[in-house]
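Q: Take a look at the following structure, please.
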Amino acid sequence: DTAGKTITCRAAIAWAEKSRLSIEEVQVEPPKPGEVRIRMLSSGICGSDDHVLKGELSVKFPLIPGHEGAGIVESVGDGVCSVKQGDKVLTLIIPQCRECDACLHSQGNFCDKQDVLPCSGVMLDGTCRFSCRGQKIYHSFRTSTFTEYTVVPEIAVVKIDDDAPMDKVCLISCGVPTGYGAAVNSAKVTPGSTCVVFGLGGVGSAVVMGCKASGASRIIGVDINEQKFPRARALGVTDCLNPNKLKKPVQEVVMEMTGVGADFAFEAIGKVETMVAAWNSCNNSYGVCLIVGLAPVDAQLCLEAAKILSGKTLKGVCLGDYKTRDCIPQIVTDYLQDKINIDPLVTHQLPFNQLHKALELYHAGKTIRCVLLF
Ligand code: COD
Ligand code: ZN
């Protein structure tokens, strides 16, 4: 029994920005009151992890990256009552404290206790649970999942169904609710509508699934990597555009293709230029543009101010506007009941010790999601 004891295990550490991750032996302290220690079973590699490693977010190094995790509760700290030892759980990049303004508001989900914007890298009490060769290692996004064991606050973990397949459901911790939820829950895509999705990675593909499930009749997919097109078509994209191969700006092409602009546009890349292109691809009167991607921290979004008067909507959305602990377990149940199929998003699975190969596949643009298995 490891409860109450420090666990020594393997974890991937980013010692500095842009440095190669290194798999090290780390010490993981027991959970303090209100915290949960999890034995990881799987973790996706998400675009936001890549932003962290490139230094595009104001994170502190050294840290253990990863946030899209599924695992089993190893032990809990005092006062924890929503999960217990042996429960299958997902980690939550956006926690739900149920006490802050956003949690108490019917429409809010961006909990005050999140650690993305900005990133402190520490637990809620200001300390870390990880160390390596005597040096403290920071957490990322309240989660840190590229490790055999992690410690997270109770508010950033949720129990899921006992029969959930743990080699896949990690995607339901972030990519699926972020993309699918943006379409079905946040935008509420309407039957027969035209959608345009910028970025056909893991998150953009989940957006496409949500548009399709909502009955969109035309889904235009935009990506500079044409390797993404066949899988996107299989998920429901009807027209693929590569902005680098077009003679005109992509928003002009979308305007011509649709005549009136898209009903719904989604940005799932995290770049200012594509946010502007998504905005300008929408119908001027009733178009809705959702920003799903996270731009670099100091970037500014510049739009023609007069154009907003005609009635179109610009909306940011994080984790599909879902209150995470309340809503994410239901997505797992929906998957188990064949109401949503996440299998096409899992294009690769590799053991944790092949992390570098997984990152290479990600950077080569070959994956939708590569799941690391522990
Ligand atoms: N034009 C078109 N496509 C592009 C361009 C471009 N200029 N640049 C890159 N792309 C394509 C890539 O080829 C790739 O296919 C895709 O965009 C990006 O996909 P991935 O697989 O690298 O990344 P995802 O899908 O895992 O994540 C993308 C996000 C932007 C959603 C992610 O990085 C992000 O910002 N996440 C934050 C959103 C969020 O809600 N996080 C939770 C807490 S805030
Ligand atoms: Zn993510």
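The way I read the labels, and the way they are meant: chains A, B, ... in the order of the structure tokens, residue 1 as the first residue of every chain, and ligand 1 as the first ligand shown, with later ones counted on from there.
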With a distance cut-off of 6 Å and only C-alpha atoms, select the neighbouring residues of range 259-272 of chain A, excluding the residue or stretch itself and same-chain residues fewer than 3 positions from it, and output the selection as a list in words.
A: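 What passes the distance filter is Thr194, Cys195, Val196, Val197, Phe198, Gly199, Gly204, Met255, Glu256, Met275, Ala278, Ser281, Cys282, Asn283, Gly287, Val288, Cys289, Leu290, Ile291, Val292, Gly293, Leu294 and Ala295 of chain A.
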Q: Neighbouring residues of ligand 2 are defined here as those with any atom at most 9 Å from a ligand atom, counting only C-alpha atoms and all ligand atoms; list them as a list in words.
A: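 Checking only C-alpha atoms and all ligand atoms against ligand 2 at 9 Å gives Gly44, Ile45, Cys46, Gly47, Ser48, Asp49, Gly66, His67, Glu68, Ile93, Leu171, Ser173, Cys174, Gly175, Val176, Thr178, Val203 and Leu319 of chain A.
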Q: Would you give me, as a list in words, the residues in range 54-115 of chain A that DSSP reads as alpha helix (DSSP H)?
A: Lys54, Asp101, Ala102, Cys103 and Leu104 of chain A
Q: Go ahead and write the selection's residues with N, CA and C atoms as a compact mmCIF listing (two decimals), in the first residue's frame.
A:
```txt
# COMPACT_ATOMS: atom_id res chain seq x y z
N LYS A 54 6.89 25.10 -26.10
CA LYS A 54 7.50 26.15 -26.93
C LYS A 54 7.69 27.45 -26.17
N ASP A 101 -17.23 32.96 -8.80
CA ASP A 101 -18.25 33.63 -9.61
C ASP A 101 -18.63 32.83 -10.86
N ALA A 102 -17.61 32.36 -11.60
CA ALA A 102 -17.90 31.63 -12.85
C ALA A 102 -18.65 30.33 -12.57
N CYS A 103 -18.23 29.61 -11.52
CA CYS A 103 -18.89 28.34 -11.19
C CYS A 103 -20.33 28.58 -10.73
N LEU A 104 -20.58 29.68 -10.03
CA LEU A 104 -21.92 29.93 -9.51
C LEU A 104 -22.86 30.49 -10.57
```
Q: For Ala156 in chain A, which of A:Pro230, A:Gly55, A:Gly69, A:Pro351 is the closest residue, counting only C-alpha atoms?
A: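 Between A:Pro230, A:Gly55, A:Gly69, A:Pro351, the residue approaching Ala156 in chain A most closely is A:Gly69.
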Q: Using only C-alpha atoms and all ligand atoms for the distances, tell me which of A:Pro95, A:Gly311, A:Pro62, A:Gly4 is nearest to ligand 1.
A: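 Residue with the minimum atom-to-atom distance to ligand 1: A:Pro95.
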Q: If you count only C-alpha atoms, which residues fall within 10 Å of Ser186 in chain A, apart from same-chain ones fewer than 2 positions away, as a PDB file with C-alpha atoms, in the first residue's frame?
A:
```
ATOM      1  CA  GLN A 107     -23.376  30.262 -18.047  1.00  0.00           C
ATOM      2  CA  THR A 178     -13.209  21.448 -26.208  1.00  0.00           C
ATOM      3  CA  GLY A 179     -14.075  20.770 -29.842  1.00  0.00           C
ATOM      4  CA  TYR A 180     -17.330  18.824 -29.820  1.00  0.00           C
ATOM      5  CA  GLY A 181     -18.713  21.014 -27.029  1.00  0.00           C
ATOM      6  CA  ALA A 182     -17.824  24.210 -28.907  1.00  0.00           C
ATOM      7  CA  ALA A 183     -20.128  23.072 -31.714  1.00  0.00           C
ATOM      8  CA  VAL A 184     -22.998  21.341 -29.898  1.00  0.00           C
ATOM      9  CA  LYS A 188     -25.467  25.203 -30.839  1.00  0.00           C
ATOM     10  CA  VAL A 189     -24.908  24.536 -34.541  1.00  0.00           C
ATOM     11  CA  LEU A 290     -16.086  30.800 -31.992  1.00  0.00           C
ATOM     12  CA  LYS A 315     -17.363  34.301 -28.807  1.00  0.00           C
ATOM     13  CA  GLY A 316     -14.526  32.611 -26.995  1.00  0.00           C
ATOM     14  CA  VAL A 317     -15.088  29.131 -25.634  1.00  0.00           C
ATOM     15  CA  CYS A 318     -13.082  26.957 -23.333  1.00  0.00           C
ATOM     16  CA  LEU A 319     -13.824  23.247 -22.744  1.00  0.00           C
ATOM     17  CA  GLY A 320     -17.026  23.630 -24.747  1.00  0.00           C
ATOM     18  CA  ASP A 321     -18.545  25.919 -22.092  1.00  0.00           C
ATOM     19  CA  TYR A 322     -19.106  22.800 -20.015  1.00  0.00           C
TER      20      TYR A 322
END
```
Q: Nearest to ligand 1 among A:Gln114, A:Thr258, A:Thr313, A:Ser217, with distances taken over only C-alpha atoms and all ligand atoms: which residue is it?
A: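 So, comparing all the options, the nearest one is A:Gln114.
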Q: Hey, what's within 12 Å of Lys245 in chain A if we count only C-alpha atoms and toss same-chain stuff fewer than 3 positions away? As a count of residues only, please?
A: 12
Q: CA of Ala206 in chain A to CA of Val276 in chain A: how many Å, to one decimal?
A: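 Value for the CA of Ala206 in chain A-CA of Val276 in chain A distance: 21.2 Å.
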Q: Counting only C-alpha atoms, which residues of range 129-209 of chain A fall within 9 Å of range 10-19 of chain A, and what is the closest atom pair for each with its distance in Å at one decimal, ordered by chain and rising number, as a Markdown table?
A:
```
| residue | atom | partner | partner_atom | distance |
| --- | --- | --- | --- | --- |
| A:Ile137 | CA | A:Ile13 | CA | 8.0 |
| A:Thr145 | CA | A:Ala11 | CA | 8.6 |
| A:Phe146 | CA | A:Ala12 | CA | 5.6 |
| A:Thr147 | CA | A:Ala11 | CA | 3.9 |
| A:Glu148 | CA | A:Arg10 | CA | 5.9 |
| A:Tyr149 | CA | A:Ala11 | CA | 8.0 |
```
